[in-house]
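Q: Structure in structure tokens, see below.
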Amino acid sequence: MTNRLRRVLAAVLSPLMRSRFAHRWLAPHLASAQLRLHRLSRGRVQLSSILVPSLILVTVGAKSGLRRDTPLMCWLEAGGSYLVSGSNWGRPQHPGWTANLIAHPDAEVIFRRGHVPVTAVLMAGVEREALWSVLEAQWPDYRSYEAAAGREIRIFRLQPR
């Protein structure tokens with residue numbers, strides 16, 4: 001699929017993914033379906049990667065100490081870092097994986113079947129604000145999740161160790 005076609009599809013799907021339908025029917029099931037498909041395909045297939053770069057973030061639970069795998073849309077940066085954001089479908093609470101990264105910033109990224117140890121850095125201030133243009137270039141109106149959630153969406157840079 002060409003980059004132009006991906007951008008067009010993202011522009012069409014972006015409003016759908018912020019809809020009540022998506023919140024009710026897709027949000028509760030998409031992550032687990034992606035993880036199952038990723039495991040069944042032995043890492044060859046991840047649903048969201050059809051449209052946008054996607055990874056599986058492996059964290060340590062902030063409270064449980066257990067391994068947590070979370071499929072996420074990501075933004076690739078020059079130098080091999082990844083940006084991820086805790087939009088949580090525009091819900092008012094931060095997703096659990098963001099608390100995991102704050103408690104345990106050393107994590108792992110599974111990207112295109114490669115495993116990369118990373119350290120998470122929570123973006124803040126002017127640098128965080130500047131990243132919104134990058135995020136919205138890939139997923140139109142992405143910042144509207146922040147308005148819908150009524151909270152500041154956490155953005156992390158995952159830097160390879």
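Going through the structure tokens in order, the chains are called A, B, and so on, while each chain numbers its residues from 1 and the ligands are numbered from 1 in the order shown.
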Using the chain letters and numbers from this document, which residues of chain A does DSSP assign to strand (DSSP E), as JSON, numbers by chain?
A: {"A": [54, 55, 56, 57, 58, 59, 60, 67, 68, 69, 70, 71, 72, 73, 75, 76, 82, 83, 84, 85, 106, 107, 108, 109, 110, 111, 114, 115, 116, 117, 118, 119, 120, 121, 122, 155, 156, 157, 158, 159, 160]}
Q: List the neighbours of A:Arg113 out to 9 Å using only C-alpha atoms; skip same-chain residues closer than 5 positions along the sequence, and give me the result as a PyMOL selection string.
A: chain A and resi 42-44
Q: Counting only C-alpha atoms, what is within 8 Å of stretch 73-83 of chain A, bar same-chain residues fewer than 3 positions away, as a list of chain:residue names?
A: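 Skipping anything fewer than 3 positions along the chain leaves A:Ser48, A:Ser49, A:Val52, A:Pro53, A:Ser54, A:Leu55, A:Val134, A:Leu135, A:Gln138, A:Ile155, A:Phe156, A:Arg157, A:Leu158, A:Gln159, A:Pro160.
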Q: For A:Glu108, which residue out of A:Ala148, A:Ser64, A:Arg161, A:Pro95 is the nearest one, using only C-alpha atoms?
A: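 The shortest atom-to-atom distance to A:Glu108 comes from A:Arg161.
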Q: What is the atom CA of A:Ala147-atom CA of A:Gly90 distance in Å, reported with one decimal?
A: 7.7 Å
Q: When you count only C-alpha atoms, which of these residues is closest to A:Trp97: A:Ala62, A:Leu35, A:Ala149, A:Ala22?
A: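 Answer, going by the shortest atom-to-atom distance: A:Ala62.
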Q: Calculate how many Å separate atom CA of A:Ala137 from atom CA of A:Ser41, rounding to one decimal.
A: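 Value for the atom CA of A:Ala137-atom CA of A:Ser41 distance: 29.6 Å.
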Q: Given only C-alpha atoms as the basis, pick out the residue of A:Ile110, A:Ala31, A:Val126, A:Leu37 nearest to A:Thr59.
A: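 Among the listed residues, the smallest separation from A:Thr59 belongs to A:Ile110.
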Q: Go through A:Arg24, A:Asp69, A:Val121, A:Glu146 and flag the residue nearest A:Ile102, using only C-alpha atoms for the distances.
A: A:Val121
Q: Using only C-alpha atoms, determine which residues lie at most 10 Å from A:Asn88, disregarding the query and same-chain residues fewer than 4 positions distant; provide the list as a list in words.
A: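 Returned residues: His23, Ala27, Pro92, Gln93, His94, Pro95, Gly96, Tyr145, Glu146, Ala149 and Ile153 of chain A.
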Q: In Å, rounded to a single decimal, give me how far atom CA of A:Pro105 is from atom CA of A:Pro117.
A: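 For atom CA of A:Pro117 relative to atom CA of A:Pro105, the distance reads 10.6 Å.
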Q: Using only C-alpha atoms, which residue out of A:Leu57, A:Arg7, A:Arg154, A:Tyr142 lies closest to A:Asp106?
A: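 When distances to A:Asp106 are compared using only C-alpha atoms, the smallest one comes from A:Leu57.
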Q: Return as a list in words the full set of residues in stretch 15-118 of chain A whose backbone-based DSSP assignment is alpha helix (DSSP H).
A: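 These are the residues in question: Pro15, Leu16, Met17, Arg20, Phe21, Ala27, Pro28, His29, Leu30, Ala31, Ser32, Ala33, Gln34, Leu35, Arg36, Leu37, His38, Arg39, Leu40, Gly96, Trp97, Thr98, Ala99, Asn100, Leu101, Ile102 and Ala103 of chain A.
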Q: Write the residues of the preceding selection, restricted to N, CA and C atoms, as a compact mmCIF listing (two decimals), in the first residue's frame.
A:
```
# COMPACT_ATOMS: atom_id res chain seq x y z
N PRO A 15 -12.04 10.03 11.75
CA PRO A 15 -13.30 10.38 12.43
C PRO A 15 -14.06 9.14 12.93
N LEU A 16 -14.01 8.06 12.17
CA LEU A 16 -14.69 6.83 12.60
C LEU A 16 -14.11 6.32 13.92
N MET A 17 -12.78 6.37 14.05
CA MET A 17 -12.14 5.84 15.25
C MET A 17 -12.42 6.70 16.49
N ARG A 20 -18.70 7.16 18.61
CA ARG A 20 -19.29 6.32 19.66
C ARG A 20 -19.23 4.85 19.28
N PHE A 21 -19.45 4.57 18.01
CA PHE A 21 -19.38 3.19 17.54
C PHE A 21 -18.01 2.58 17.87
N ALA A 27 -12.94 -0.36 20.59
CA ALA A 27 -11.98 -0.14 21.68
C ALA A 27 -11.86 -1.32 22.64
N PRO A 28 -12.97 -1.91 23.08
CA PRO A 28 -12.82 -3.01 24.05
C PRO A 28 -12.17 -4.28 23.48
N HIS A 29 -12.13 -4.42 22.17
CA HIS A 29 -11.68 -5.69 21.58
C HIS A 29 -10.44 -5.58 20.69
N LEU A 30 -10.13 -4.39 20.21
CA LEU A 30 -9.07 -4.26 19.21
C LEU A 30 -7.70 -4.69 19.73
N ALA A 31 -7.33 -4.26 20.92
CA ALA A 31 -5.99 -4.60 21.44
C ALA A 31 -5.82 -6.11 21.59
N SER A 32 -6.81 -6.78 22.19
CA SER A 32 -6.67 -8.22 22.38
C SER A 32 -6.68 -8.96 21.04
N ALA A 33 -7.48 -8.48 20.08
CA ALA A 33 -7.49 -9.11 18.75
C ALA A 33 -6.13 -8.93 18.07
N GLN A 34 -5.54 -7.75 18.21
CA GLN A 34 -4.23 -7.51 17.61
C GLN A 34 -3.16 -8.40 18.23
N LEU A 35 -3.20 -8.54 19.54
CA LEU A 35 -2.21 -9.40 20.20
C LEU A 35 -2.37 -10.85 19.79
N ARG A 36 -3.61 -11.32 19.69
CA ARG A 36 -3.85 -12.71 19.26
C ARG A 36 -3.33 -12.94 17.85
N LEU A 37 -3.67 -12.02 16.95
CA LEU A 37 -3.22 -12.15 15.56
C LEU A 37 -1.70 -12.09 15.47
N HIS A 38 -1.10 -11.21 16.24
CA HIS A 38 0.36 -11.09 16.25
C HIS A 38 1.00 -12.40 16.71
N ARG A 39 0.44 -12.99 17.75
CA ARG A 39 0.99 -14.26 18.26
C ARG A 39 0.76 -15.41 17.29
N LEU A 40 -0.47 -15.49 16.74
CA LEU A 40 -0.78 -16.56 15.79
C LEU A 40 0.08 -16.48 14.53
N GLY A 96 -3.30 2.30 31.24
CA GLY A 96 -2.42 1.70 32.23
C GLY A 96 -0.96 1.62 31.81
N TRP A 97 -0.72 1.42 30.52
CA TRP A 97 0.67 1.28 30.08
C TRP A 97 1.47 2.56 30.34
N THR A 98 0.81 3.72 30.39
CA THR A 98 1.55 4.96 30.66
C THR A 98 2.04 4.99 32.11
N ALA A 99 1.21 4.50 33.03
CA ALA A 99 1.65 4.40 34.43
C ALA A 99 2.78 3.39 34.56
N ASN A 100 2.71 2.32 33.78
CA ASN A 100 3.79 1.33 33.79
C ASN A 100 5.12 1.97 33.37
N LEU A 101 5.09 2.79 32.32
CA LEU A 101 6.33 3.44 31.85
C LEU A 101 6.86 4.46 32.85
N ILE A 102 5.96 5.15 33.52
CA ILE A 102 6.40 6.12 34.52
C ILE A 102 7.07 5.38 35.68
N ALA A 103 6.49 4.27 36.10
CA ALA A 103 7.05 3.49 37.21
C ALA A 103 8.31 2.73 36.81
```
